[in-house]
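J.: If it helps, the file is called run.tsv and holds TSV, C-alpha atoms:
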```
chain	number	residue	atom	x	y	z
A	966	MET	CA	-139.33	71.32	-65.15
A	967	GLU	CA	-142.71	72.28	-66.55
A	968	SER	CA	-142.67	75.51	-68.47
A	969	SER	CA	-145.37	78.11	-67.98
A	970	ILE	CA	-147.13	80.33	-70.45
A	971	TYR	CA	-147.40	82.96	-67.72
A	972	LEU	CA	-143.71	83.57	-66.92
A	973	ASP	CA	-141.04	85.02	-69.18
A	974	GLU	CA	-138.74	82.11	-68.33
A	975	ALA	CA	-135.82	83.30	-70.45
A	976	ARG	CA	-135.51	86.50	-68.42
A	977	ASP	CA	-136.89	85.50	-65.01
A	978	PRO	CA	-134.02	85.68	-62.48
A	979	LEU	CA	-135.35	83.01	-60.11
A	980	ILE	CA	-136.05	80.56	-62.95
A	981	ILE	CA	-132.53	81.18	-64.27
A	982	ALA	CA	-131.08	80.62	-60.77
A	983	GLU	CA	-132.88	77.29	-60.54
A	984	GLY	CA	-131.51	76.28	-63.94
A	985	TRP	CA	-127.96	77.22	-62.89
A	986	MET	CA	-128.37	75.18	-59.72
A	987	LYS	CA	-129.44	72.16	-61.77
A	988	ASP	CA	-126.34	72.61	-63.94
A	989	GLY	CA	-124.23	72.32	-60.78
A	990	LYS	CA	-123.26	76.00	-60.65
A	991	HIS	CA	-122.79	77.96	-57.44
A	992	VAL	CA	-125.29	80.78	-57.24
A	993	ALA	CA	-125.98	83.90	-55.17
A	994	ILE	CA	-129.29	85.72	-55.00
A	995	ALA	CA	-129.43	89.47	-54.31
A	996	THR	CA	-132.73	91.04	-53.28
A	997	VAL	CA	-133.75	94.66	-52.75
A	998	VAL	CA	-135.12	94.63	-49.19
A	999	GLU	CA	-135.57	98.34	-48.56
A	1000	THR	CA	-135.70	101.58	-50.55
A	1001	TRP	CA	-135.76	105.24	-49.56
A	1002	GLY	CA	-136.71	108.06	-51.87
A	1003	SER	CA	-136.45	107.59	-55.58
A	1004	ALA	CA	-135.34	104.01	-56.30
A	1005	PRO	CA	-135.31	102.44	-59.75
A	1006	ARG	CA	-136.36	98.91	-58.74
A	1007	PRO	CA	-139.01	98.07	-56.15
A	1008	VAL	CA	-138.49	96.12	-52.93
A	1009	GLY	CA	-138.38	92.40	-53.75
A	1010	SER	CA	-136.46	92.76	-57.06
A	1011	HIS	CA	-133.75	90.18	-57.71
A	1012	LEU	CA	-130.32	89.97	-59.26
A	1013	VAL	CA	-128.91	86.43	-59.53
A	1014	ILE	CA	-125.20	85.81	-59.92
A	1015	ASP	CA	-123.07	82.72	-60.59
A	1016	ALA	CA	-119.53	82.09	-59.37
A	1017	ASP	CA	-118.09	83.35	-62.68
A	1018	GLY	CA	-119.83	86.69	-62.29
A	1019	ASN	CA	-122.58	86.05	-64.86
A	1020	PHE	CA	-125.80	87.74	-63.80
A	1021	HIS	CA	-129.48	88.23	-64.66
A	1022	GLY	CA	-132.13	90.61	-63.34
A	1023	SER	CA	-131.52	93.93	-61.61
A	1024	VAL	CA	-131.56	95.68	-58.25
A	1025	SER	CA	-131.12	99.20	-59.68
A	1026	GLY	CA	-131.04	100.88	-63.05
A	1027	GLY	CA	-127.58	99.44	-63.63
A	1028	CYS	CA	-125.87	101.81	-61.16
A	1029	VAL	CA	-124.81	99.33	-58.48
A	1030	GLU	CA	-125.03	95.92	-60.18
A	1031	GLY	CA	-121.25	95.81	-60.68
A	1032	ALA	CA	-120.61	96.20	-56.97
A	1033	VAL	CA	-123.30	93.67	-56.06
A	1034	VAL	CA	-121.82	91.09	-58.43
A	1035	THR	CA	-118.36	91.54	-56.84
A	1036	GLU	CA	-119.81	91.08	-53.34
A	1037	ALA	CA	-121.89	88.13	-54.52
A	1038	VAL	CA	-118.82	86.23	-55.68
A	1039	ASP	CA	-117.46	86.64	-52.10
A	1040	VAL	CA	-120.76	85.45	-50.65
A	1041	ILE	CA	-120.63	82.33	-52.86
A	1042	ASP	CA	-117.11	81.60	-51.53
A	1043	SER	CA	-117.82	82.23	-47.86
A	1044	GLY	CA	-121.47	81.20	-47.59
A	1045	GLN	CA	-122.00	84.25	-45.36
A	1046	ALA	CA	-124.95	86.44	-46.37
A	1047	LYS	CA	-124.34	90.20	-46.58
A	1048	MET	CA	-126.51	93.30	-46.30
A	1049	LEU	CA	-125.32	96.03	-48.68
A	1050	GLU	CA	-126.46	99.64	-48.64
A	1051	PHE	CA	-126.11	102.08	-51.51
A	1052	GLY	CA	-126.84	105.80	-51.41
A	1053	VAL	CA	-126.27	108.83	-53.56
A	1054	ALA	CA	-122.89	108.84	-55.25
A	1055	ASP	CA	-120.81	111.62	-53.71
A	1056	GLU	CA	-117.76	113.49	-55.02
A	1057	THR	CA	-115.42	110.61	-54.23
A	1058	ALA	CA	-115.43	109.16	-57.66
A	1059	TRP	CA	-114.66	105.63	-56.58
A	1060	GLN	CA	-117.84	105.26	-54.59
A	1061	VAL	CA	-120.69	103.38	-56.20
A	1062	GLY	CA	-124.01	105.10	-55.88
A	1063	LEU	CA	-127.42	105.86	-57.27
A	1064	SER	CA	-127.56	108.94	-59.47
A	1065	CYS	CA	-131.32	109.17	-58.95
A	1066	GLY	CA	-130.81	110.30	-55.36
A	1067	GLY	CA	-132.38	107.35	-53.59
A	1068	ARG	CA	-130.95	104.76	-51.21
A	1069	ILE	CA	-131.38	101.01	-51.35
A	1070	LYS	CA	-130.54	98.04	-49.15
A	1071	VAL	CA	-129.66	94.79	-50.90
A	1072	TYR	CA	-129.50	91.38	-49.19
A	1073	VAL	CA	-127.05	88.99	-50.84
A	1074	GLU	CA	-127.20	85.28	-49.96
A	1075	ARG	CA	-125.87	82.04	-51.33
A	1076	LEU	CA	-128.26	79.51	-52.80
A	1077	GLY	CA	-127.78	76.35	-50.76
B	178	MET	CA	-131.73	80.64	-49.89
B	179	ASP	CA	-132.70	77.06	-49.43
B	180	PRO	CA	-132.66	75.28	-52.84
B	181	PHE	CA	-135.88	73.50	-51.96
B	182	ALA	CA	-137.53	76.86	-51.19
B	183	LEU	CA	-136.46	78.17	-54.60
B	184	LYS	CA	-137.85	75.10	-56.39
B	185	THR	CA	-141.12	75.34	-54.48
B	186	LEU	CA	-141.39	79.06	-55.16
B	187	ASN	CA	-140.81	78.66	-58.89
B	188	ALA	CA	-143.34	75.82	-59.08
B	189	GLU	CA	-145.96	78.03	-57.42
B	190	ARG	CA	-145.16	80.93	-59.74
B	191	ARG	CA	-145.39	78.71	-62.82
B	192	ALA	CA	-148.82	77.52	-61.68
B	193	ARG	CA	-150.05	81.11	-61.13
B	194	ARG	CA	-150.42	80.62	-57.38
B	195	ALA	CA	-149.46	83.30	-54.86
B	196	ALA	CA	-146.58	82.58	-52.48
B	197	ILE	CA	-144.44	84.51	-50.01
B	198	LEU	CA	-140.80	83.81	-49.29
B	199	VAL	CA	-140.19	84.55	-45.60
B	200	THR	CA	-136.52	85.16	-44.79
B	201	ASP	CA	-135.19	85.65	-41.27
B	202	LEU	CA	-132.64	88.42	-41.91
B	203	GLY	CA	-130.82	87.47	-38.69
B	204	ASP	CA	-129.84	83.91	-39.56
B	205	GLY	CA	-130.80	83.69	-43.25
B	206	ARG	CA	-133.28	80.84	-42.77
B	207	ASP	CA	-136.22	80.94	-45.16
B	208	ARG	CA	-139.46	79.20	-45.99
B	209	ILE	CA	-142.33	79.44	-48.46
B	210	VAL	CA	-145.83	80.32	-47.29
B	211	ARG	CA	-148.70	79.60	-49.68
B	212	GLU	CA	-151.92	81.57	-49.70
B	213	GLY	CA	-154.28	79.98	-47.18
B	214	ASP	CA	-151.48	78.50	-45.00
B	215	GLN	CA	-152.08	79.38	-41.36
B	216	VAL	CA	-149.32	81.44	-39.72
B	217	ALA	CA	-149.91	82.67	-36.16
B	218	GLY	CA	-149.23	86.02	-34.50
B	219	GLU	CA	-147.79	89.27	-35.79
B	220	LEU	CA	-145.92	87.48	-38.54
B	221	GLY	CA	-149.14	85.84	-39.72
B	222	ALA	CA	-150.92	89.21	-39.81
B	223	ALA	CA	-148.08	90.73	-41.85
B	224	ILE	CA	-148.15	87.78	-44.25
B	225	ALA	CA	-151.91	88.10	-44.76
B	226	LYS	CA	-151.44	91.81	-45.51
B	227	ALA	CA	-148.66	91.07	-48.02
B	228	PHE	CA	-150.86	88.54	-49.84
B	229	ARG	CA	-153.56	91.20	-50.18
B	230	SER	CA	-151.37	94.12	-51.24
B	231	GLY	CA	-148.69	92.22	-53.11
B	232	ASN	CA	-146.14	94.54	-51.46
B	233	SER	CA	-142.87	93.10	-50.19
B	234	GLY	CA	-141.11	94.46	-47.11
B	235	SER	CA	-139.51	93.87	-43.73
B	236	VAL	CA	-141.46	93.17	-40.57
B	237	GLU	CA	-140.42	92.94	-36.90
B	238	ALA	CA	-142.06	90.00	-35.15
B	239	GLU	CA	-141.14	87.80	-32.19
B	240	GLY	CA	-138.02	89.92	-31.65
B	241	ARG	CA	-136.68	89.11	-35.11
B	242	THR	CA	-136.61	90.86	-38.47
B	243	PHE	CA	-138.21	89.01	-41.35
B	244	PHE	CA	-138.23	89.98	-45.00
B	245	LEU	CA	-141.45	89.04	-46.78
B	246	ASN	CA	-141.11	88.79	-50.53
B	247	ALA	CA	-144.58	88.52	-52.06
B	248	TYR	CA	-144.94	86.82	-55.44
B	249	LEU	CA	-148.46	87.34	-56.74
B	250	PRO	CA	-149.51	86.16	-60.18
B	251	GLN	CA	-150.18	88.98	-62.61
B	252	PRO	CA	-153.92	89.69	-62.41
B	253	ARG	CA	-155.60	89.39	-65.79
B	254	LEU	CA	-159.00	90.01	-67.28
B	255	LEU	CA	-160.80	87.57	-69.51
B	256	VAL	CA	-163.65	89.15	-71.44
B	257	ILE	CA	-166.33	86.98	-72.99
B	258	GLY	CA	-167.63	88.99	-75.92
B	259	ALA	CA	-165.82	90.87	-78.67
B	260	VAL	CA	-168.32	93.69	-78.44
B	261	HIS	CA	-168.24	97.49	-78.43
B	262	ILE	CA	-167.60	97.65	-74.66
B	263	SER	CA	-164.62	95.29	-75.03
B	264	GLN	CA	-163.04	97.56	-77.63
B	265	ALA	CA	-162.75	100.26	-74.95
B	266	LEU	CA	-162.13	97.91	-72.04
B	267	ALA	CA	-159.12	96.12	-73.54
B	268	PRO	CA	-156.79	99.16	-73.88
B	269	MET	CA	-157.98	100.72	-70.60
B	270	ALA	CA	-157.41	97.54	-68.60
B	271	LYS	CA	-154.00	96.99	-70.15
B	272	ILE	CA	-152.90	100.48	-69.08
B	273	ALA	CA	-154.18	99.80	-65.55
B	274	GLY	CA	-151.98	96.68	-65.36
B	275	TYR	CA	-154.60	94.04	-66.13
B	276	PRO	CA	-153.75	92.35	-69.44
B	277	VAL	CA	-156.87	91.40	-71.37
B	278	GLU	CA	-157.85	88.41	-73.46
B	279	ILE	CA	-161.08	88.33	-75.41
B	280	VAL	CA	-163.11	85.26	-76.29
B	281	ASP	CA	-166.00	85.22	-78.74
B	282	PRO	CA	-166.95	82.36	-81.07
B	283	ARG	CA	-168.75	84.76	-83.40
B	284	THR	CA	-166.12	85.37	-86.04
B	285	ALA	CA	-167.89	88.49	-87.31
B	286	PHE	CA	-167.23	90.11	-83.91
B	287	ALA	CA	-163.82	88.63	-83.09
B	288	THR	CA	-161.74	90.23	-85.82
B	289	ALA	CA	-158.20	91.55	-85.56
B	290	ASP	CA	-159.42	94.65	-87.35
B	291	ARG	CA	-161.79	95.50	-84.49
B	292	PHE	CA	-159.26	94.43	-81.82
B	293	PRO	CA	-155.71	95.37	-82.77
B	294	ASP	CA	-153.04	94.47	-80.19
B	295	VAL	CA	-155.35	92.27	-78.10
B	296	ALA	CA	-155.11	88.53	-77.49
B	297	LEU	CA	-158.28	87.47	-79.28
B	298	HIS	CA	-159.76	83.96	-79.40
B	299	ALA	CA	-162.51	83.36	-81.98
B	300	GLU	CA	-163.73	80.20	-80.28
B	301	TRP	CA	-166.11	78.92	-77.63
B	302	PRO	CA	-165.23	79.54	-73.95
B	303	GLU	CA	-165.52	75.76	-73.44
B	304	ASP	CA	-162.54	75.24	-75.77
B	305	ILE	CA	-160.19	78.01	-74.66
B	306	LEU	CA	-160.77	77.35	-70.94
B	307	LYS	CA	-159.61	73.76	-71.41
B	308	ARG	CA	-156.22	75.07	-72.54
B	309	GLN	CA	-156.04	78.12	-70.27
B	310	PRO	CA	-157.97	77.40	-67.09
B	311	LEU	CA	-159.32	80.24	-64.98
B	312	ASP	CA	-157.84	80.92	-61.52
B	313	SER	CA	-158.30	83.21	-58.55
B	314	TYR	CA	-156.04	85.89	-60.10
B	315	THR	CA	-158.24	86.14	-63.17
B	316	ALA	CA	-161.26	88.42	-63.54
B	317	LEU	CA	-164.05	87.39	-65.89
B	318	ALA	CA	-166.51	89.74	-67.53
B	319	ALA	CA	-169.24	88.07	-69.58
B	320	ILE	CA	-170.72	90.68	-71.87
B	321	THR	CA	-172.05	88.96	-75.00
B	322	HIS	CA	-175.62	89.09	-73.72
B	323	ASP	CA	-175.99	85.58	-75.19
B	324	PRO	CA	-176.55	82.78	-72.65
B	325	LYS	CA	-175.16	80.20	-75.08
B	326	ILE	CA	-171.77	81.94	-74.83
B	327	ASP	CA	-171.82	83.56	-71.37
B	328	ASP	CA	-173.29	80.88	-69.11
B	329	PHE	CA	-170.57	78.25	-69.37
B	330	ALA	CA	-167.86	80.85	-68.72
B	331	LEU	CA	-169.71	82.28	-65.73
B	332	LYS	CA	-170.09	78.85	-64.12
B	333	ALA	CA	-166.41	78.11	-64.78
B	334	ALA	CA	-165.38	81.48	-63.25
B	335	LEU	CA	-167.39	80.78	-60.08
B	336	ASP	CA	-165.88	77.27	-59.78
B	337	ALA	CA	-162.33	78.64	-60.27
B	338	ASN	CA	-162.96	81.35	-57.65
B	339	CYS	CA	-162.08	84.18	-60.04
B	340	PHE	CA	-161.47	87.36	-58.01
B	341	TYR	CA	-164.10	89.13	-60.07
B	342	VAL	CA	-167.10	87.82	-61.98
B	343	GLY	CA	-169.32	90.28	-63.81
B	344	ALA	CA	-172.20	89.73	-66.21
B	345	LEU	CA	-173.89	92.23	-68.50
B	346	GLY	CA	-177.65	92.51	-68.42
B	347	SER	CA	-180.55	94.07	-66.57
B	348	ARG	CA	-181.89	92.76	-63.28
B	349	LYS	CA	-184.60	90.94	-65.22
B	350	THR	CA	-182.03	89.32	-67.51
B	351	HIS	CA	-179.97	88.38	-64.48
B	352	ALA	CA	-182.94	86.76	-62.71
B	353	LYS	CA	-183.32	84.41	-65.68
B	354	ARG	CA	-179.56	83.82	-65.68
B	355	VAL	CA	-179.68	82.84	-61.99
B	356	GLU	CA	-182.24	80.16	-62.82
B	357	ARG	CA	-180.02	78.77	-65.58
B	358	LEU	CA	-176.88	78.79	-63.41
B	359	LEU	CA	-178.73	76.97	-60.62
B	360	ALA	CA	-179.72	74.37	-63.21
B	361	LEU	CA	-176.04	74.08	-64.17
B	362	GLY	CA	-175.25	73.24	-60.54
B	363	ALA	CA	-174.00	76.60	-59.22
B	364	THR	CA	-174.86	77.28	-55.57
B	365	ALA	CA	-176.72	80.36	-54.39
B	366	ASP	CA	-173.57	81.56	-52.56
B	367	GLN	CA	-171.56	81.28	-55.75
B	368	ILE	CA	-174.17	83.12	-57.78
B	369	ALA	CA	-174.24	85.92	-55.20
B	370	ARG	CA	-170.64	86.69	-56.17
B	371	ILE	CA	-171.66	87.73	-59.69
B	372	HIS	CA	-171.73	91.47	-60.24
B	373	ALA	CA	-174.89	92.03	-62.23
B	374	PRO	CA	-175.87	94.45	-63.59
B	375	ILE	CA	-172.17	94.76	-64.36
B	376	GLY	CA	-169.99	97.71	-63.34
B	377	LEU	CA	-169.87	100.26	-60.53
B	378	ASP	CA	-172.92	102.49	-60.49
B	379	ILE	CA	-171.46	105.66	-62.00
B	380	GLY	CA	-174.35	106.26	-64.36
B	381	ALA	CA	-172.34	104.91	-67.29
B	382	ALA	CA	-174.20	105.28	-70.59
B	383	SER	CA	-171.81	104.81	-73.51
B	384	PRO	CA	-169.87	101.58	-74.15
B	385	ALA	CA	-166.62	103.29	-73.09
B	386	GLU	CA	-168.19	104.53	-69.85
B	387	ILE	CA	-169.47	101.04	-69.10
B	388	ALA	CA	-165.91	99.83	-69.67
B	389	VAL	CA	-164.68	102.29	-67.02
B	390	ALA	CA	-167.35	101.04	-64.60
B	391	VAL	CA	-166.37	97.39	-65.21
B	392	LEU	CA	-162.66	98.05	-64.86
B	393	ALA	CA	-163.14	100.02	-61.64
B	394	GLN	CA	-165.29	97.24	-60.21
B	395	ALA	CA	-162.69	94.62	-61.11
B	396	ILE	CA	-159.90	96.67	-59.51
B	397	HIS	CA	-161.97	97.13	-56.37
B	398	ALA	CA	-162.57	93.39	-56.22
B	399	PHE	CA	-158.84	92.71	-56.61
B	400	ARG	CA	-157.75	95.19	-53.94
B	401	SER	CA	-160.32	93.97	-51.42
B	402	ARG	CA	-159.64	90.24	-51.84
B	403	GLY	CA	-160.25	88.42	-48.57
B	404	LEU	CA	-161.78	91.45	-46.88
B	405	GLU	CA	-165.40	90.56	-47.70
B	406	ALA	CA	-165.00	87.17	-46.07
B	407	LYS	CA	-163.70	88.81	-42.87
B	408	ASP	CA	-166.56	91.33	-42.85
B	409	ALA	CA	-169.06	88.50	-43.22
B	410	VAL	CA	-167.66	86.77	-40.11
B	411	ALA	CA	-167.67	89.98	-38.02
```
Reformat the file's structure so that it appears as structure tokens.

T.:
Amino acid sequence: MESSIYLDEARDPLIIAEGWMKDGKHVAIATVVETWGSAPRPVGSHLVIDADGNFHGSVSGGCVEGAVVTEAVDVIDSGQAKMLEFGVADETAWQVGLSCGGRIKVYVERLG
Amino acid sequence: MDPFALKTLNAERRARRAAILVTDLGDGRDRIVREGDQVAGELGAAIAKAFRSGNSGSVEAEGRTFFLNAYLPQPRLLVIGAVHISQALAPMAKIAGYPVEIVDPRTAFATADRFPDVALHAEWPEDILKRQPLDSYTALAAITHDPKIDDFALKAALDANCFYVGALGSRKTHAKRVERLLALGATADQIARIHAPIGLDIGAASPAEIAVAVLAQAIHAFRSRGLEAKDAVA
């Protein structure tokens, strides 16, 4: 693997995912595919997750990553991609949401 | 995601080449499209648009929903000349999202004191460009006014298809420069891509105003990539 002076390889989610794959780990990739209103991370942003729940990158300002990681571990098991949608957190305290008031759609798929 | 697609994508990103990951959100199949690859129909039009804007998003085509994730190299600006204009241009361009590097072999000009917080190379363009080649996501502004320093970099920028090539100097100065670049083997079409006199015509007078004119011209060149070629055909 040739390193590049133009990428921050230590923090780049897709480079990390490739490294995990080479180490024989099972990996899921989550991608923001749509945003409405105020959203902390733009469309195209990635969070990568391994089967142990380790993760790099972000799909929000930290508001929904926990939920995405949980779903990603399922996706790694089943191989079935999922489309997740997160909106504003309402009064039901258990619901995961975005405090900024936006909504995002996150596509979670297994690598390989 | 297909592991091969991920490897291909990362290789393109490491090489500072633009690529788009096209994912069919219905069945999860994906593939990498490189800039210049021919893709037909509505999907092809959406891909061309994504390469230009750098914006990712979903598109409906052929009765399916595709997600286009655009990975464009960070545009950057290489300035030949550690001069007064560059002192204003470097911070302005950085704020606008175009990181700047400055090259000038004249060590009296290229000092950290004059250029704090800027990647500064007190060496000849010939030397630095061997280590860090130019590419189509790099803009080059040659503003030393000295042919010994500017000419090589200008020819290299034309050969690397830099998205913007600008050169400081009057029309008279540029006419002489054209002769020299022809002698170096540049074609007339290549030379026509040089913006000279440099900068949008906003009546800039001070070095800082010239920096604004250069930056605006470089941004315009970046945001209209590929459009000039289409206009020329039409």

J.: Can you check which residues of chain A have any atom within 7 Å of chain B? Use only C-alpha atoms and format it as a list in words.

T.: Ser969, Tyr971, Leu972, Ile980, Glu983, Val998, Glu999, Val1008, Gly1009, Glu1074, Arg1075, Leu1076 and Gly1077 of chain A

J.: Give me, as a PyMOL selection string, all polymer residues having an atom no more than 9 Å from Leu331 in chain B, counting all atoms listed in the file and skipping those fewer than 5 positions away in the same chain.

T.: chain B and resi 317-319+336+342-344+358+371

J.: Using Å and a single decimal, report how far CA of Gln215 in chain B sits from CA of Phe243 in chain B.

T.: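 Spanning CA of Phe243 in chain B to CA of Gln215 in chain B is a straight-line distance of 16.9 Å.
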
J.: For Leu1012 in chain A, please output as an mmCIF file with C-alpha atoms, in the frame of the given file all residues within 12 Å (counting only C-alpha atoms; exclusion window: fewer than 6 positions along the same chain).

T.:
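That gives us around-v7.cif:
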```
data_model
loop_
_atom_site.group_PDB
_atom_site.id
_atom_site.type_symbol
_atom_site.label_atom_id
_atom_site.label_comp_id
_atom_site.auth_asym_id
_atom_site.auth_seq_id
_atom_site.Cartn_x
_atom_site.Cartn_y
_atom_site.Cartn_z
ATOM 1 C CA ARG A 976 -135.510 86.500 -68.420
ATOM 2 C CA ASP A 977 -136.890 85.500 -65.010
ATOM 3 C CA PRO A 978 -134.020 85.680 -62.480
ATOM 4 C CA LEU A 979 -135.350 83.010 -60.110
ATOM 5 C CA ILE A 980 -136.050 80.560 -62.950
ATOM 6 C CA ILE A 981 -132.530 81.180 -64.270
ATOM 7 C CA ALA A 982 -131.080 80.620 -60.770
ATOM 8 C CA VAL A 992 -125.290 80.780 -57.240
ATOM 9 C CA ALA A 993 -125.980 83.900 -55.170
ATOM 10 C CA ILE A 994 -129.290 85.720 -55.000
ATOM 11 C CA ALA A 995 -129.430 89.470 -54.310
ATOM 12 C CA THR A 996 -132.730 91.040 -53.280
ATOM 13 C CA VAL A 997 -133.750 94.660 -52.750
ATOM 14 C CA ARG A 1006 -136.360 98.910 -58.740
ATOM 15 C CA GLY A 1018 -119.830 86.690 -62.290
ATOM 16 C CA ASN A 1019 -122.580 86.050 -64.860
ATOM 17 C CA PHE A 1020 -125.800 87.740 -63.800
ATOM 18 C CA HIS A 1021 -129.480 88.230 -64.660
ATOM 19 C CA GLY A 1022 -132.130 90.610 -63.340
ATOM 20 C CA SER A 1023 -131.520 93.930 -61.610
ATOM 21 C CA VAL A 1024 -131.560 95.680 -58.250
ATOM 22 C CA SER A 1025 -131.120 99.200 -59.680
ATOM 23 C CA GLY A 1026 -131.040 100.880 -63.050
ATOM 24 C CA GLY A 1027 -127.580 99.440 -63.630
ATOM 25 C CA VAL A 1029 -124.810 99.330 -58.480
ATOM 26 C CA GLU A 1030 -125.030 95.920 -60.180
ATOM 27 C CA GLY A 1031 -121.250 95.810 -60.680
ATOM 28 C CA ALA A 1032 -120.610 96.200 -56.970
ATOM 29 C CA VAL A 1033 -123.300 93.670 -56.060
ATOM 30 C CA VAL A 1034 -121.820 91.090 -58.430
ATOM 31 C CA ALA A 1037 -121.890 88.130 -54.520
ATOM 32 C CA VAL A 1071 -129.660 94.790 -50.900
ATOM 33 C CA TYR A 1072 -129.500 91.380 -49.190
ATOM 34 C CA VAL A 1073 -127.050 88.990 -50.840
ATOM 35 C CA GLU A 1074 -127.200 85.280 -49.960
#
```

J.: In Å, how far is it from CA of Gln367 in chain B to CA of Asn338 in chain B?

T.: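 Between CA of Gln367 in chain B and CA of Asn338 in chain B the gap works out to 8.8 Å.
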
J.: Please identify all polymer residues within 8 Å of Lys990 in chain A, counting only C-alpha atoms, omitting same-chain residues fewer than 5 positions from it, and present them as a PDB file with C-alpha atoms, in the coordinates of the input.

T.:
```pdb
ATOM      1  CA  TRP A 985    -127.960  77.220 -62.890  1.00  0.00           C
ATOM      2  CA  ASP A1015    -123.070  82.720 -60.590  1.00  0.00           C
ATOM      3  CA  ALA A1016    -119.530  82.090 -59.370  1.00  0.00           C
TER       4      ALA A1016
END
```

J.: Just how far from CA of Asp323 in chain B is CA of Pro374 in chain B, in Å to one decimal?

T.: 14.6 Å

J.: Around range 378-388 of chain B, fit a box with edges along x, y and z, padding it by 8 Å on each side, then list its centre and edge lengths in Å to one decimal as AutoDock Vina command-line options.

T.:
```
--center_x -170.1 --center_y 103.0 --center_z -67.3 --size_x 24.4 --size_y 22.4 --size_z 29.7
```

J.: Given the point (-145.8, 80.5, -48.4) in the coordinates of this file, which residues lie within 6 Å, counting all atoms listed in the file, and how would they look as a list in words?

T.: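 These residues have at least one counted atom within 6 Å: Ala196, Ile197, Ile209, Val210 and Arg211 of chain B.
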
J.: Could you list, as a tab-separated table (two decimals) with C-alpha atoms, in the frame of the given file, every residue within 9 Å of range 267-277 of chain B, counting all atoms listed in the file and ignoring same-chain residues fewer than 2 positions away?

T.:
```
chain	number	residue	atom	x	y	z
B	251	GLN	CA	-150.18	88.98	-62.61
B	252	PRO	CA	-153.92	89.69	-62.41
B	253	ARG	CA	-155.60	89.39	-65.79
B	254	LEU	CA	-159.00	90.01	-67.28
B	255	LEU	CA	-160.80	87.57	-69.51
B	256	VAL	CA	-163.65	89.15	-71.44
B	262	ILE	CA	-167.60	97.65	-74.66
B	263	SER	CA	-164.62	95.29	-75.03
B	264	GLN	CA	-163.04	97.56	-77.63
B	265	ALA	CA	-162.75	100.26	-74.95
B	279	ILE	CA	-161.08	88.33	-75.41
B	292	PHE	CA	-159.26	94.43	-81.82
B	294	ASP	CA	-153.04	94.47	-80.19
B	295	VAL	CA	-155.35	92.27	-78.10
B	296	ALA	CA	-155.11	88.53	-77.49
B	297	LEU	CA	-158.28	87.47	-79.28
B	388	ALA	CA	-165.91	99.83	-69.67
B	389	VAL	CA	-164.68	102.29	-67.02
B	392	LEU	CA	-162.66	98.05	-64.86
B	396	ILE	CA	-159.90	96.67	-59.51
```

J.: Near Ser401 in chain B, within 12 Å and counting only C-alpha atoms, which residues show up once chain neighbours fewer than 6 positions away are dropped, as a count of residues only?

T.: 11

J.: Because the input lacks atoms here, generate N, CA and C atoms for range 371-382 of chain B and report them as a PDB file, in the frame of the given file.

T.:
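Saved file out_5.pdb follows:
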```pdb
ATOM      1  N   ILE B 371    -171.636  87.107 -58.356  1.00  0.00           N
ATOM      2  CA  ILE B 371    -171.660  87.730 -59.690  1.00  0.00           C
ATOM      3  C   ILE B 371    -172.101  89.189 -59.568  1.00  0.00           C
ATOM      4  N   HIS B 372    -171.331  90.071 -60.175  1.00  0.00           N
ATOM      5  CA  HIS B 372    -171.730  91.470 -60.240  1.00  0.00           C
ATOM      6  C   HIS B 372    -172.639  91.660 -61.439  1.00  0.00           C
ATOM      7  N   ALA B 373    -173.914  91.830 -61.159  1.00  0.00           N
ATOM      8  CA  ALA B 373    -174.890  92.030 -62.230  1.00  0.00           C
ATOM      9  C   ALA B 373    -176.039  92.867 -61.684  1.00  0.00           C
ATOM     10  N   PRO B 374    -176.453  93.904 -62.359  1.00  0.00           N
ATOM     11  CA  PRO B 374    -175.870  94.450 -63.590  1.00  0.00           C
ATOM     12  C   PRO B 374    -174.381  94.758 -63.401  1.00  0.00           C
ATOM     13  N   ILE B 375    -173.624  94.641 -64.458  1.00  0.00           N
ATOM     14  CA  ILE B 375    -172.170  94.760 -64.360  1.00  0.00           C
ATOM     15  C   ILE B 375    -171.723  96.209 -64.177  1.00  0.00           C
ATOM     16  N   GLY B 376    -170.629  96.387 -63.426  1.00  0.00           N
ATOM     17  CA  GLY B 376    -169.990  97.710 -63.340  1.00  0.00           C
ATOM     18  C   GLY B 376    -170.424  98.512 -62.125  1.00  0.00           C
ATOM     19  N   LEU B 377    -169.506  99.354 -61.620  1.00  0.00           N
ATOM     20  CA  LEU B 377    -169.870 100.260 -60.530  1.00  0.00           C
ATOM     21  C   LEU B 377    -170.956 101.206 -61.030  1.00  0.00           C
ATOM     22  N   ASP B 378    -171.811 101.614 -60.101  1.00  0.00           N
ATOM     23  CA  ASP B 378    -172.920 102.490 -60.490  1.00  0.00           C
ATOM     24  C   ASP B 378    -172.422 103.932 -60.590  1.00  0.00           C
ATOM     25  N   ILE B 379    -171.909 104.265 -61.778  1.00  0.00           N
ATOM     26  CA  ILE B 379    -171.460 105.660 -62.000  1.00  0.00           C
ATOM     27  C   ILE B 379    -172.326 106.325 -63.068  1.00  0.00           C
ATOM     28  N   GLY B 380    -173.456 105.694 -63.354  1.00  0.00           N
ATOM     29  CA  GLY B 380    -174.350 106.260 -64.360  1.00  0.00           C
ATOM     30  C   GLY B 380    -173.813 106.108 -65.767  1.00  0.00           C
ATOM     31  N   ALA B 381    -172.964 105.105 -65.981  1.00  0.00           N
ATOM     32  CA  ALA B 381    -172.340 104.910 -67.290  1.00  0.00           C
ATOM     33  C   ALA B 381    -173.406 104.717 -68.366  1.00  0.00           C
ATOM     34  N   ALA B 382    -173.232 105.385 -69.500  1.00  0.00           N
ATOM     35  CA  ALA B 382    -174.200 105.280 -70.590  1.00  0.00           C
ATOM     36  C   ALA B 382    -173.565 104.717 -71.855  1.00  0.00           C
TER      37      ALA B 382
END
```
